[in-house]
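To be precise, the following lines are start-v8.txt, and they hold compact mmCIF, C-alpha atoms.
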```txt
# COMPACT_ATOMS: atom_id res chain seq x y z
CA MET Y 1052 29.91 2.33 2.00
CA ILE Y 1053 27.09 2.45 -0.55
CA ASN Y 1054 24.77 5.39 0.09
CA VAL Y 1055 21.14 4.51 -0.61
CA LEU Y 1056 18.26 6.96 -0.66
CA GLY Y 1057 15.00 5.25 0.36
CA LEU Y 1058 12.05 7.11 -1.14
CA ALA Y 1059 8.98 6.01 0.83
CA LEU Y 1060 5.48 7.18 0.02
CA TYR Y 1061 4.37 7.21 3.69
CA GLY Y 1062 6.03 7.72 7.06
CA GLN Y 1063 6.97 5.09 9.63
CA LEU Y 1064 3.38 4.84 10.83
CA ALA Y 1065 2.69 2.90 7.62
CA ALA Y 1066 3.51 -0.79 8.00
CA SER Y 1067 4.84 -0.95 4.45
CA THR Y 1068 7.46 1.71 5.20
CA ARG Y 1069 8.52 0.07 8.48
CA TYR Y 1070 8.76 -3.44 7.14
CA ARG Y 1071 9.86 -2.92 3.53
CA LEU Y 1072 12.53 -0.33 4.40
CA GLY Y 1073 12.91 0.72 8.03
CA GLN Y 1074 13.66 -2.62 9.64
CA PHE Y 1075 16.45 -3.31 7.13
CA VAL Y 1076 18.53 -0.23 8.04
CA PRO Y 1077 20.69 -1.73 10.85
CA GLY Y 1078 21.37 -4.99 9.03
CA LEU Y 1079 22.22 -3.31 5.73
CA ALA Y 1080 24.86 -1.25 7.51
CA GLU Y 1081 26.65 -4.52 8.29
CA HIS Y 1082 26.68 -5.20 4.53
CA GLY Y 1083 28.31 -1.83 3.78
CA ILE Y 1084 25.05 -0.08 2.88
CA ASP Y 1085 23.84 3.18 4.45
CA LEU Y 1086 20.08 3.43 3.84
CA LYS Y 1087 18.49 6.79 4.60
CA ILE Y 1088 14.69 6.90 4.34
CA ARG Y 1089 12.80 9.99 3.23
CA SER Y 1090 9.00 9.91 3.32
CA LEU Y 1091 6.67 12.04 1.21
CA LEU Y 1092 3.44 11.81 3.23
CA GLY Y 1093 4.31 11.76 6.92
CA ASP Y 1094 2.56 10.23 9.91
CA GLU Y 1095 0.27 13.23 10.41
CA TYR Y 1096 -1.18 12.62 6.95
CA LEU Y 1097 -2.04 9.01 7.87
CA ARG Y 1098 -3.49 9.98 11.25
CA ARG Y 1099 -5.85 12.47 9.60
CA ARG Y 1100 -6.72 10.16 6.75
CA PHE Y 1101 -7.67 7.27 9.01
CA GLY Y 1102 -9.27 9.57 11.56
CA GLY Y 1103 -11.44 11.36 9.04
CA GLY Y 1104 -9.81 14.74 9.68
CA ALA Y 1105 -8.94 17.46 7.18
CA MET Y 1106 -5.82 16.84 5.12
CA PRO Y 1107 -2.74 18.87 6.12
CA TRP Y 1108 -2.40 20.50 2.71
CA ALA Y 1109 0.29 23.00 3.70
CA ALA Y 1110 2.43 20.26 5.21
CA MET Y 1111 1.89 18.08 2.13
CA LEU Y 1112 3.01 20.89 -0.18
CA GLN Y 1113 6.08 21.42 1.97
CA ALA Y 1114 6.80 17.69 1.85
CA GLY Y 1115 6.64 17.80 -1.94
CA TRP Y 1116 9.28 20.51 -2.08
CA ALA Y 1117 11.41 18.54 0.37
CA ARG Y 1118 11.21 15.48 -1.87
CA LEU Y 1119 12.37 17.49 -4.86
CA GLY Y 1120 15.30 18.61 -2.72
CA ASP Y 1121 16.12 14.97 -1.86
CA LEU Y 1122 16.15 14.09 -5.55
CA LYS Y 1123 18.55 16.94 -6.33
CA ASP Y 1124 20.93 15.66 -3.66
CA ARG Y 1125 23.41 13.55 -5.60
CA ASP Y 1126 25.23 12.11 -2.58
CA HIS Y 1127 23.38 8.82 -2.94
CA ASP Y 1128 24.66 6.02 -5.16
CA VAL Y 1129 21.40 4.09 -5.48
CA ALA Y 1130 17.76 4.90 -4.76
CA ILE Y 1131 14.99 2.58 -3.60
CA LEU Y 1132 11.57 3.83 -4.69
CA HIS Y 1133 8.78 2.31 -2.63
CA CYS Y 1134 5.34 2.50 -4.30
CA GLU Y 1135 5.49 5.87 -6.08
CA LEU Y 1136 7.44 9.10 -6.06
CA PHE Y 1137 4.42 11.45 -6.17
CA PRO Y 1138 0.70 10.62 -6.32
CA LEU Y 1139 -0.97 11.66 -9.58
CA MET Y 1140 2.37 12.21 -11.34
CA PRO Y 1141 2.85 10.52 -14.75
CA GLY Y 1142 5.41 7.75 -14.91
CA TRP Y 1143 7.60 9.46 -17.51
CA LEU Y 1144 8.00 12.47 -15.23
CA GLU Y 1145 8.84 10.32 -12.20
CA ARG Y 1146 11.43 8.59 -14.34
CA GLN Y 1147 12.99 11.95 -15.25
CA LEU Y 1148 13.09 13.07 -11.62
CA LEU Y 1149 14.87 9.88 -10.58
CA GLY Y 1150 17.76 10.90 -12.82
CA ASN Y 1151 20.57 8.74 -14.13
CA ARG Y 1152 21.52 6.93 -10.94
CA PRO Y 1153 20.31 3.33 -10.66
CA TYR Y 1154 17.17 2.73 -8.66
CA VAL Y 1155 15.37 -0.27 -7.22
CA TYR Y 1156 11.58 -0.26 -7.45
CA ASP Y 1157 9.94 -1.91 -4.43
CA PHE Y 1158 6.26 -2.69 -3.95
CA ASP Y 1159 4.12 -4.92 -1.74
CA ASP Y 1160 0.65 -4.23 -3.08
CA ALA Y 1161 -1.05 -4.21 -6.49
CA PHE Y 1162 -0.15 -0.55 -6.96
CA TYR Y 1163 -0.36 -0.90 -10.73
CA LEU Y 1164 -4.15 -1.00 -10.30
CA LYS Y 1165 -4.28 2.36 -8.50
CA TYR Y 1166 -5.11 4.42 -11.56
CA ARG Y 1167 -6.97 1.68 -13.43
CA SER Y 1168 -9.93 1.03 -11.15
CA GLY Y 1169 -11.93 2.47 -8.27
CA ARG Y 1170 -12.23 6.17 -7.62
CA LEU Y 1171 -9.02 6.96 -9.55
CA GLY Y 1172 -9.92 4.76 -12.50
CA LYS Y 1173 -11.02 7.79 -14.50
CA LEU Y 1174 -7.33 8.74 -14.71
CA ARG Y 1175 -6.49 5.54 -16.56
CA PRO Y 1176 -5.81 7.21 -19.95
CA LEU Y 1177 -3.18 9.44 -18.33
CA LEU Y 1178 -1.81 7.30 -15.48
CA GLY Y 1179 -2.88 3.70 -16.16
CA ALA Y 1180 0.61 2.69 -17.33
CA LYS Y 1181 2.48 4.82 -14.79
CA PHE Y 1182 4.05 1.97 -12.85
CA ASP Y 1183 4.96 0.01 -15.97
CA THR Y 1184 7.08 2.98 -17.07
CA VAL Y 1185 8.86 3.22 -13.71
CA MET Y 1186 9.41 -0.54 -13.53
CA LYS Y 1187 10.84 -0.83 -17.02
CA ASP Y 1188 13.95 1.27 -16.31
CA ALA Y 1189 14.65 0.05 -12.76
CA ALA Y 1190 17.99 -1.60 -12.07
CA ALA Y 1191 15.98 -4.17 -10.13
CA ILE Y 1192 12.50 -4.73 -8.75
CA THR Y 1193 11.75 -6.24 -5.35
CA ALA Y 1194 8.17 -7.52 -5.21
CA GLY Y 1195 6.39 -8.81 -2.13
CA ASN Y 1196 4.62 -11.90 -3.48
CA ARG Y 1197 4.33 -14.22 -6.46
CA THR Y 1198 1.47 -12.29 -8.10
CA LEU Y 1199 3.48 -9.07 -8.02
CA VAL Y 1200 6.62 -10.85 -9.23
CA GLU Y 1201 4.75 -12.21 -12.25
CA TYR Y 1202 3.40 -8.76 -13.11
CA ALA Y 1203 6.72 -6.94 -12.68
CA GLY Y 1204 8.77 -9.71 -14.28
CA ALA Y 1205 6.85 -9.28 -17.53
CA ARG Y 1206 8.12 -5.69 -17.62
CA ASN Y 1207 11.61 -6.10 -16.19
CA PRO Y 1208 13.47 -9.42 -15.97
CA ALA Y 1209 15.54 -8.14 -13.01
CA THR Y 1210 12.62 -8.86 -10.65
CA ILE Y 1211 13.24 -10.54 -7.29
CA LEU Y 1212 10.78 -11.97 -4.77
CA LEU Y 1213 11.28 -10.17 -1.46
CA PRO Y 1214 8.38 -11.03 0.87
CA THR Y 1215 7.29 -8.67 3.60
CA VAL Y 1216 8.96 -10.17 6.65
CA VAL Y 1217 9.31 -9.79 10.42
CA ASP Y 1218 12.21 -9.76 12.82
CA THR Y 1219 11.81 -13.13 14.53
CA GLU Y 1220 13.89 -11.94 17.46
CA ARG Y 1221 11.11 -9.44 18.17
CA TYR Y 1222 8.10 -11.47 17.09
CA CYS Y 1223 8.39 -14.42 19.47
CA PRO Y 1224 5.94 -16.83 21.12
CA VAL Y 1225 5.41 -16.61 24.88
CA PRO Y 1226 4.19 -19.40 27.18
CA ARG Y 1227 0.50 -19.06 27.97
CA GLN Y 1228 -2.52 -20.99 29.15
CA ARG Y 1229 -5.68 -20.90 27.05
CA GLY Y 1230 -8.79 -19.92 28.96
CA SER Y 1231 -12.44 -20.74 28.40
CA MET Y 1232 -12.83 -17.84 25.95
CA PHE Y 1233 -11.83 -18.69 22.36
CA THR Y 1234 -10.00 -15.62 21.03
CA VAL Y 1235 -9.91 -14.82 17.32
CA GLY Y 1236 -7.42 -12.08 16.44
CA TRP Y 1237 -6.83 -9.72 13.52
CA ILE Y 1238 -4.23 -6.97 13.11
CA GLY Y 1239 -4.18 -4.38 10.34
CA SER Y 1240 -5.26 -0.88 9.36
CA PRO Y 1241 -8.61 0.90 9.03
CA SER Y 1242 -8.50 0.48 5.25
CA THR Y 1243 -8.40 -3.33 5.40
CA ALA Y 1244 -10.76 -3.89 8.35
CA GLN Y 1245 -13.66 -3.99 5.87
CA TYR Y 1246 -12.63 -7.54 4.97
CA LEU Y 1247 -13.66 -8.74 8.43
CA SER Y 1248 -17.27 -8.74 7.21
CA GLU Y 1249 -16.52 -12.16 5.71
CA LEU Y 1250 -16.27 -13.57 9.26
CA VAL Y 1251 -19.64 -12.32 10.55
CA GLU Y 1252 -21.67 -15.40 9.62
CA PRO Y 1253 -19.22 -18.08 10.86
CA LEU Y 1254 -18.51 -16.19 14.09
CA ILE Y 1255 -22.22 -15.78 14.86
CA GLU Y 1256 -22.60 -19.55 14.59
CA LEU Y 1257 -19.45 -20.14 16.64
CA GLY Y 1258 -20.76 -17.77 19.30
CA ARG Y 1259 -23.91 -19.88 19.67
CA GLU Y 1260 -21.68 -22.79 20.68
CA GLY Y 1261 -19.55 -21.07 23.33
CA ARG Y 1262 -17.76 -17.91 24.41
CA VAL Y 1263 -15.88 -16.19 21.59
CA LYS Y 1264 -13.94 -12.93 21.50
CA LEU Y 1265 -12.83 -11.09 18.36
CA VAL Y 1266 -9.83 -8.84 18.93
CA VAL Y 1267 -9.30 -6.23 16.21
CA ILE Y 1268 -6.03 -4.30 16.38
CA GLY Y 1269 -5.81 -1.15 14.29
CA GLY Y 1270 -9.29 -1.07 12.76
CA ARG Y 1271 -13.04 -1.17 13.33
CA ALA Y 1272 -14.79 -4.48 13.88
CA PRO Y 1273 -18.12 -5.34 12.27
CA VAL Y 1274 -21.17 -5.81 14.47
CA ILE Y 1275 -21.41 -9.52 15.34
CA PRO Y 1276 -24.26 -10.52 17.66
CA GLY Y 1277 -23.25 -12.89 20.44
CA ILE Y 1278 -19.52 -12.19 20.11
CA GLU Y 1279 -17.41 -10.13 22.49
CA ILE Y 1280 -15.61 -7.45 20.48
CA ASP Y 1281 -12.36 -5.85 21.60
CA GLU Y 1282 -11.12 -3.01 19.38
CA VAL Y 1283 -7.56 -2.01 20.25
CA ALA Y 1284 -5.65 0.95 18.86
CA TRP Y 1285 -2.46 -0.19 17.17
CA ASN Y 1286 0.74 0.51 19.08
CA GLU Y 1287 4.15 -0.73 18.00
CA ASP Y 1288 5.23 -1.26 21.61
CA ASN Y 1289 2.51 -3.76 22.50
CA GLU Y 1290 1.45 -5.38 19.21
CA VAL Y 1291 3.49 -8.54 19.80
CA ALA Y 1292 2.10 -8.96 23.31
CA LEU Y 1293 -1.45 -8.57 21.97
CA ILE Y 1294 -0.90 -11.11 19.18
CA ASN Y 1295 0.35 -13.59 21.77
CA HIS Y 1296 -3.12 -13.55 23.37
CA PHE Y 1297 -4.77 -14.85 20.18
CA ASP Y 1298 -5.90 -18.46 19.92
CA VAL Y 1299 -6.03 -18.07 16.14
CA GLY Y 1300 -5.00 -15.30 13.76
CA VAL Y 1301 -7.17 -14.55 10.73
CA MET Y 1302 -6.83 -12.86 7.35
CA PRO Y 1303 -10.07 -12.83 5.35
CA LEU Y 1304 -9.85 -11.45 1.81
CA PRO Y 1305 -12.10 -11.18 -1.23
CA ASN Y 1306 -10.85 -12.94 -4.34
CA ASP Y 1307 -10.14 -9.90 -6.50
CA GLN Y 1308 -7.12 -8.32 -8.19
CA TRP Y 1309 -6.31 -6.03 -5.27
CA ALA Y 1310 -6.47 -8.83 -2.71
CA ARG Y 1311 -4.28 -11.11 -4.83
CA GLY Y 1312 -1.60 -8.45 -4.50
CA LYS Y 1313 -1.62 -8.64 -0.68
CA CYS Y 1314 1.43 -10.17 1.00
CA ALA Y 1315 -0.23 -12.22 3.79
CA PHE Y 1316 1.52 -10.04 6.33
CA LYS Y 1317 -1.19 -10.32 8.99
CA LEU Y 1318 -0.71 -14.08 8.93
CA ILE Y 1319 3.08 -13.77 9.00
CA GLN Y 1320 2.91 -11.64 12.15
CA CYS Y 1321 0.72 -14.18 13.93
CA MET Y 1322 2.66 -17.20 12.72
CA ALA Y 1323 5.94 -15.72 13.94
CA CYS Y 1324 4.41 -15.67 17.42
CA GLY Y 1325 3.51 -19.33 17.19
CA ILE Y 1326 -0.20 -18.71 16.55
CA PRO Y 1327 -2.12 -21.04 14.18
CA VAL Y 1328 -3.90 -19.16 11.41
CA ILE Y 1329 -6.85 -19.22 9.04
CA GLY Y 1330 -6.81 -17.21 5.81
CA SER Y 1331 -8.86 -16.88 2.68
CA ARG Y 1332 -7.55 -19.01 -0.17
CA VAL Y 1333 -6.34 -15.93 -2.04
CA GLY Y 1334 -2.97 -14.65 -3.27
CA ALA Y 1335 0.03 -14.92 -0.97
CA ASN Y 1336 -2.06 -16.58 1.74
CA ILE Y 1337 -1.79 -19.77 -0.34
CA ASP Y 1338 2.02 -19.54 -0.39
CA VAL Y 1339 2.49 -18.66 3.27
CA VAL Y 1340 0.05 -21.06 4.95
CA ASP Y 1341 0.72 -24.74 4.41
CA ARG Y 1342 -1.36 -27.55 5.91
CA ASP Y 1343 0.92 -27.80 8.94
CA CYS Y 1344 0.44 -24.15 9.96
CA GLY Y 1345 -3.27 -23.58 9.64
CA PHE Y 1346 -6.23 -23.56 7.28
CA LEU Y 1347 -7.31 -21.88 4.07
CA ALA Y 1348 -11.01 -21.18 3.63
CA ASP Y 1349 -13.21 -20.43 0.62
CA SER Y 1350 -16.61 -20.20 2.31
CA ALA Y 1351 -18.39 -19.45 5.58
CA GLU Y 1352 -18.71 -23.20 6.13
CA GLU Y 1353 -14.95 -23.72 5.75
CA TRP Y 1354 -14.19 -20.82 8.10
CA LEU Y 1355 -16.54 -22.29 10.69
CA GLY Y 1356 -15.05 -25.75 10.35
CA ALA Y 1357 -11.52 -24.40 10.79
CA PHE Y 1358 -12.55 -22.38 13.85
CA ARG Y 1359 -14.12 -25.46 15.41
CA GLN Y 1360 -11.03 -27.62 14.86
CA LEU Y 1361 -8.70 -25.10 16.49
CA ARG Y 1362 -11.14 -24.48 19.33
CA ASP Y 1363 -11.77 -28.15 20.11
CA ASP Y 1364 -8.36 -29.74 19.45
CA ARG Y 1365 -5.79 -27.93 21.55
CA GLY Y 1366 -3.09 -30.41 20.61
CA LEU Y 1367 -3.65 -29.61 16.93
CA ALA Y 1368 -3.61 -25.88 17.66
CA GLN Y 1369 -0.31 -26.17 19.53
CA LYS Y 1370 1.25 -28.28 16.78
CA MET Y 1371 0.16 -25.82 14.09
CA GLY Y 1372 1.47 -22.90 16.14
CA GLU Y 1373 4.90 -24.51 16.41
CA ALA Y 1374 4.94 -25.28 12.68
CA SER Y 1375 3.91 -21.69 11.95
CA ARG Y 1376 6.81 -20.31 13.95
CA ASN Y 1377 9.29 -22.59 12.18
CA ARG Y 1378 7.97 -21.66 8.75
CA ILE Y 1379 8.37 -17.94 9.38
CA VAL Y 1380 11.89 -18.35 10.81
CA GLN Y 1381 12.94 -20.30 7.73
CA HIS Y 1382 11.24 -18.33 4.96
CA TYR Y 1383 9.69 -15.04 6.13
CA SER Y 1384 12.15 -13.66 8.66
CA LEU Y 1385 14.23 -10.51 8.43
CA GLN Y 1386 17.30 -12.58 9.14
CA GLN Y 1387 16.77 -14.82 6.09
CA ASN Y 1388 15.77 -12.05 3.67
CA LEU Y 1389 18.24 -9.30 4.58
CA PRO Y 1390 20.99 -10.81 2.37
CA ILE Y 1391 18.57 -10.80 -0.58
CA LEU Y 1392 18.03 -7.03 -0.37
CA ALA Y 1393 21.73 -6.40 0.24
CA ASP Y 1394 22.60 -8.38 -2.89
CA VAL Y 1395 20.02 -6.47 -4.96
CA ILE Y 1396 21.55 -3.15 -3.85
CA HIS Y 1397 25.11 -4.27 -4.56
CA LYS Y 1398 24.12 -5.41 -8.05
CA ALA Y 1399 22.28 -2.13 -8.68
CA MET Y 1400 25.42 -0.26 -7.60
CA SER Y 1401 27.42 -2.13 -10.23
CA ARG Y 1402 25.21 -0.56 -12.89
CA ARG Y 1403 26.29 2.99 -12.09
```
Would you write out, as structure tokens, the structure that this file holds?
Amino acid sequence: MINVLGLALYGQLAASTRYRLGQFVPGLAEHGIDLKIRSLLGDEYLRRRFGGGAMPWAAMLQAGWARLGDLKDRDHDVAILHCELFPLMPGWLERQLLGNRPYVYDFDDAFYLKYRSGRLGKLRPLLGAKFDTVMKDAAAITAGNRTLVEYAGARNPATILLPTVVDTERYCPVPRQRGSMFTVGWIGSPSTAQYLSELVEPLIELGREGRVKLVVIGGRAPVIPGIEIDEVAWNEDNEVALINHFDVGVMPLPNDQWARGKCAFKLIQCMACGIPVIGSRVGANIDVVDRDCGFLADSAEEWLGAFRQLRDDRGLAQKMGEASRNRIVQHYSLQQNLPILADVIHKAMSRR
């Protein structure tokens, strides 16, 4: 049995931790791999961050000491580092703390931009190259989309595409009858709900033509006159059932560096449930959504046109939903991608 230490930045409440690491644990065991996940910033941190509460500084300090203890534990054969070991820590120091055992670096977002732009951009002289340093010495890198693969591959040739995937035995379509209300659905987190502003104009126009509901799971919806808004708190137990009430799943994005690092996961979740989708023509959305599964949109006019087609042509919507399901089963399912991660770990082990 290969003992693997999974070093996650966030707890299981974070989708990236659940889907990049957590869901692989049972299947990896069948490949002779025991993956144990240790998170730095637990679920309470995320609850307070998204809820606007005070940060649990004492708990965070305690978590930091616990992480140092995990790194001193030499029972593991291989480590998987997801995102970063410690926020604000230079790459050379993270590399030292990882020690001499082989590690896999895993990421599903443009993390290399974290200390180069935005509010942390002022730290660029000190931390701008942090992730390049960590990537360079990794036994392998698993990157969530083509943009991330291209970036990481320029720094380490042992870079593998490992998309963010779903268990298609859990994410399944259910038989349903569409009502008179056309339901547009989005699932995500409070930090990405801001992108829904791109849909305000086309949905206002769509609402003038008939009854429209926007369901937002896990975030705040923008104000859209004439549209029924349903904000639903995210819950792992009912997310699949909620998705199955959508008539169309959406993933609007701006065309910037951060968005091009996104892994189209919102679309993958909907498509696995047999829901046709519309996404911005950005990043991994282009790779995931082909013409049989849904639409890609560059403008408010294209969004509106796609909404109208799926609203008015139920046969087309059903056909696209079926094609969506098949595409996820074949390319973006846990079942298809588990052997890829298992192989990466076995090869990393051979470098001990």
ask   = Closest to Y:Ser1242 among Y:Arg1402, Y:Arg1227, Y:Arg1262, Y:Arg1271, using all atoms listed in the file?
value =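 Closest to Y:Ser1242, using all atoms listed in the file: Y:Arg1271.
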query = Neighbours of Y:Glu1135 within 9 Å (only C-alpha atoms; same-chain residues fewer than 3 positions away dropped), as a list in words?
reply =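 Surrounding residues, per the criterion: Leu1058, Ala1059, Leu1060, Leu1132, Pro1138, Met1140, Glu1145, Tyr1156, Phe1158, Phe1162, Phe1182 and Val1185 of chain Y.
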key: Answer as JSON, numbers by chain, residues within 7 Å of (19.7, 2.3, -1.1) using only C-alpha atoms   = {"Y": [1054, 1055, 1056, 1057, 1085, 1086, 1129, 1130, 1131, 1396]}
inquiry  = For Y:Ile1319, find every residue with an atom within 10 Å (counting only C-alpha atoms), except residues of its own chain fewer than 6 positions away, and show them as a list in words.
reply    = Thr1215, Val1216, Val1217, Tyr1222, Gly1300, Gly1325, Ile1326, Val1328, Asn1336, Val1339, Val1340, Ser1375, Arg1376, Arg1378, Ile1379, Tyr1383 and Ser1384 of chain Y
request  = Kindly indicate which residue among Y:Leu1265, Y:Ala1368, Y:Leu1247, Y:Val1395 lies nearest to Y:Pro1305, using all atoms listed in the file for the distances.
outcome  =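 Ranking Y:Leu1265, Y:Ala1368, Y:Leu1247, Y:Val1395 by distance to Y:Pro1305, first place goes to Y:Leu1247.
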query = Pick from Y:Leu1139, Y:Ile1337, Y:Met1322, Y:Met1400: nearest to Y:Leu1304, with all atoms listed in the file counted?
reply =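 The shortest atom-to-atom distance to Y:Leu1304 comes from Y:Ile1337.
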query = Quick one: of Y:Leu1122, Y:Gly1270, Y:Ala1109, Y:Ala1351, who's nearest to Y:Ile1255, counting only C-alpha atoms?
reply =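 Residue with the minimum atom-to-atom distance to Y:Ile1255: Y:Ala1351.
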message = Counting all atoms listed in the file, which residues sit no farther than 8 Å from the position (-3.8, -5.6, 9.8) in the file's frame? I'd like them as a ChimeraX atom specification.
response = /Y:1237-1240,1243-1244,1268-1270,1316-1317
Selection: 12 Å around Y:Leu1091, all atoms listed in the file, excl. self and same-chain fewer than 2 positions, as a PyMOL selection string = chain Y and resi 1057-1063+1065+1068+1088-1089+1093-1097+1110-1122+1132-1138
Go ahead and save the picked residues with C-alpha atoms, as a compact mmCIF listing (two decimals), in the frame of the given file.
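Saved to out_4.txt:
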```
# COMPACT_ATOMS: atom_id res chain seq x y z
CA GLY Y 1057 15.00 5.25 0.36
CA LEU Y 1058 12.05 7.11 -1.14
CA ALA Y 1059 8.98 6.01 0.83
CA LEU Y 1060 5.48 7.18 0.02
CA TYR Y 1061 4.37 7.21 3.69
CA GLY Y 1062 6.03 7.72 7.06
CA GLN Y 1063 6.97 5.09 9.63
CA ALA Y 1065 2.69 2.90 7.62
CA THR Y 1068 7.46 1.71 5.20
CA ILE Y 1088 14.69 6.90 4.34
CA ARG Y 1089 12.80 9.99 3.23
CA GLY Y 1093 4.31 11.76 6.92
CA ASP Y 1094 2.56 10.23 9.91
CA GLU Y 1095 0.27 13.23 10.41
CA TYR Y 1096 -1.18 12.62 6.95
CA LEU Y 1097 -2.04 9.01 7.87
CA ALA Y 1110 2.43 20.26 5.21
CA MET Y 1111 1.89 18.08 2.13
CA LEU Y 1112 3.01 20.89 -0.18
CA GLN Y 1113 6.08 21.42 1.97
CA ALA Y 1114 6.80 17.69 1.85
CA GLY Y 1115 6.64 17.80 -1.94
CA TRP Y 1116 9.28 20.51 -2.08
CA ALA Y 1117 11.41 18.54 0.37
CA ARG Y 1118 11.21 15.48 -1.87
CA LEU Y 1119 12.37 17.49 -4.86
CA GLY Y 1120 15.30 18.61 -2.72
CA ASP Y 1121 16.12 14.97 -1.86
CA LEU Y 1122 16.15 14.09 -5.55
CA LEU Y 1132 11.57 3.83 -4.69
CA HIS Y 1133 8.78 2.31 -2.63
CA CYS Y 1134 5.34 2.50 -4.30
CA GLU Y 1135 5.49 5.87 -6.08
CA LEU Y 1136 7.44 9.10 -6.06
CA PHE Y 1137 4.42 11.45 -6.17
CA PRO Y 1138 0.70 10.62 -6.32
```
remark   = Y:Arg1125 proximity check over Y:Arg1098, Y:Asp1341, Y:Asn1151, Y:Ser1350, using all atoms listed in the file: winner is Y:Asn1151
key: Proximity to Y:Glu1373 - best of Y:Leu1355, Y:Leu1144, Y:Val1225, Y:Leu1178, all atoms listed in the file   =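 Going through Y:Leu1355, Y:Leu1144, Y:Val1225, Y:Leu1178 one by one, the smallest distance to Y:Glu1373 is for Y:Val1225.
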Find the residues near stretch 1188-1190 of chain Y: any atom within 6 Å, counting all atoms listed in the file, skip ones fewer than 3 places away on the same chain, and give them as a PDB file with C-alpha atoms, in the frame of the given file.
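Final output, saved to result-v9.pdb:
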```
ATOM      1  CA  PRO Y1153      20.310   3.330 -10.660  1.00  0.00           C
ATOM      2  CA  TYR Y1154      17.170   2.730  -8.660  1.00  0.00           C
ATOM      3  CA  VAL Y1155      15.370  -0.270  -7.220  1.00  0.00           C
ATOM      4  CA  ALA Y1399      22.280  -2.130  -8.680  1.00  0.00           C
TER       5      ALA Y1399
END
```
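Taking atom CA of Y:Asp1343 and atom CA of Y:Leu1361 as the two end points, the separation is 12.5 Å.
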query = Do you have the atom CA of Y:Gly1083-atom CA of Y:Asp1394 distance handy?
reply = 11.0 Å
Using 5 Å of padding on each side, determine the axis-aligned box around all atoms of stretch 1314-1317 of chain Y present in the file and give its centre and edge lengths in Å to one decimal, as AutoDock Vina command-line options.
```
--center_x 0.2 --center_y -11.1 --center_z 5.0 --size_x 12.7 --size_y 12.2 --size_z 18.0
```
task = Rounded to one decimal place, report the atom CA of Y:Asn1306-atom CA of Y:Glu1252 distance in Å.
result =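 We find that atom CA of Y:Asn1306 and atom CA of Y:Glu1252 lie 17.8 Å from each other.
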Per residue of stretch 1153-1220 of chain Y within 12 Å of stretch 1286-1294 of chain Y, record the nearest atom pair and its distance in Å to one decimal, counting all atoms listed in the file, with rows in chain order and ascending residue number, as a tab-separated table.
```
residue	atom	partner	partner_atom	distance
Y:Val1217	CA	Y:Val1291	CA	11.1
Y:Asp1218	CA	Y:Val1291	CA	11.2
Y:Thr1219	CA	Y:Val1291	CA	10.9
Y:Glu1220	CA	Y:Val1291	CA	11.2
```
Would you mind completing stretch 1221-1232 of chain Y so that it carries N, CA and C atoms, and writing it out as a short mmCIF file (atom, residue, chain, number, x, y, z; two decimals), in the coordinates of the input?
```cif
data_model
loop_
_atom_site.label_atom_id
_atom_site.label_comp_id
_atom_site.auth_asym_id
_atom_site.auth_seq_id
_atom_site.Cartn_x
_atom_site.Cartn_y
_atom_site.Cartn_z
N ARG Y 1221 12.12 -10.30 17.54
CA ARG Y 1221 11.11 -9.44 18.17
C ARG Y 1221 9.75 -10.13 18.23
N TYR Y 1222 9.35 -10.72 17.14
CA TYR Y 1222 8.10 -11.47 17.09
C TYR Y 1222 8.37 -12.89 17.58
N CYS Y 1223 8.08 -13.14 18.84
CA CYS Y 1223 8.39 -14.42 19.47
C CYS Y 1223 7.18 -14.95 20.23
N PRO Y 1224 7.01 -16.27 20.29
CA PRO Y 1224 5.94 -16.83 21.12
C PRO Y 1224 6.27 -16.66 22.60
N VAL Y 1225 5.23 -16.61 23.42
CA VAL Y 1225 5.41 -16.61 24.88
C VAL Y 1225 4.55 -17.72 25.47
N PRO Y 1226 5.00 -18.35 26.55
CA PRO Y 1226 4.19 -19.40 27.18
C PRO Y 1226 2.88 -18.82 27.70
N ARG Y 1227 1.79 -19.55 27.50
CA ARG Y 1227 0.50 -19.06 27.97
C ARG Y 1227 -0.46 -20.22 28.13
N GLN Y 1228 -1.46 -20.01 28.95
CA GLN Y 1228 -2.52 -20.99 29.15
C GLN Y 1228 -3.80 -20.48 28.50
N ARG Y 1229 -4.44 -21.32 27.70
CA ARG Y 1229 -5.68 -20.90 27.05
C ARG Y 1229 -6.84 -20.99 28.03
N GLY Y 1230 -7.64 -19.95 28.07
CA GLY Y 1230 -8.79 -19.92 28.96
C GLY Y 1230 -10.04 -20.47 28.30
N SER Y 1231 -11.17 -20.23 28.92
CA SER Y 1231 -12.44 -20.74 28.40
C SER Y 1231 -12.94 -19.93 27.20
N MET Y 1232 -12.44 -18.70 27.07
CA MET Y 1232 -12.83 -17.84 25.95
C MET Y 1232 -11.95 -18.16 24.74
#
```
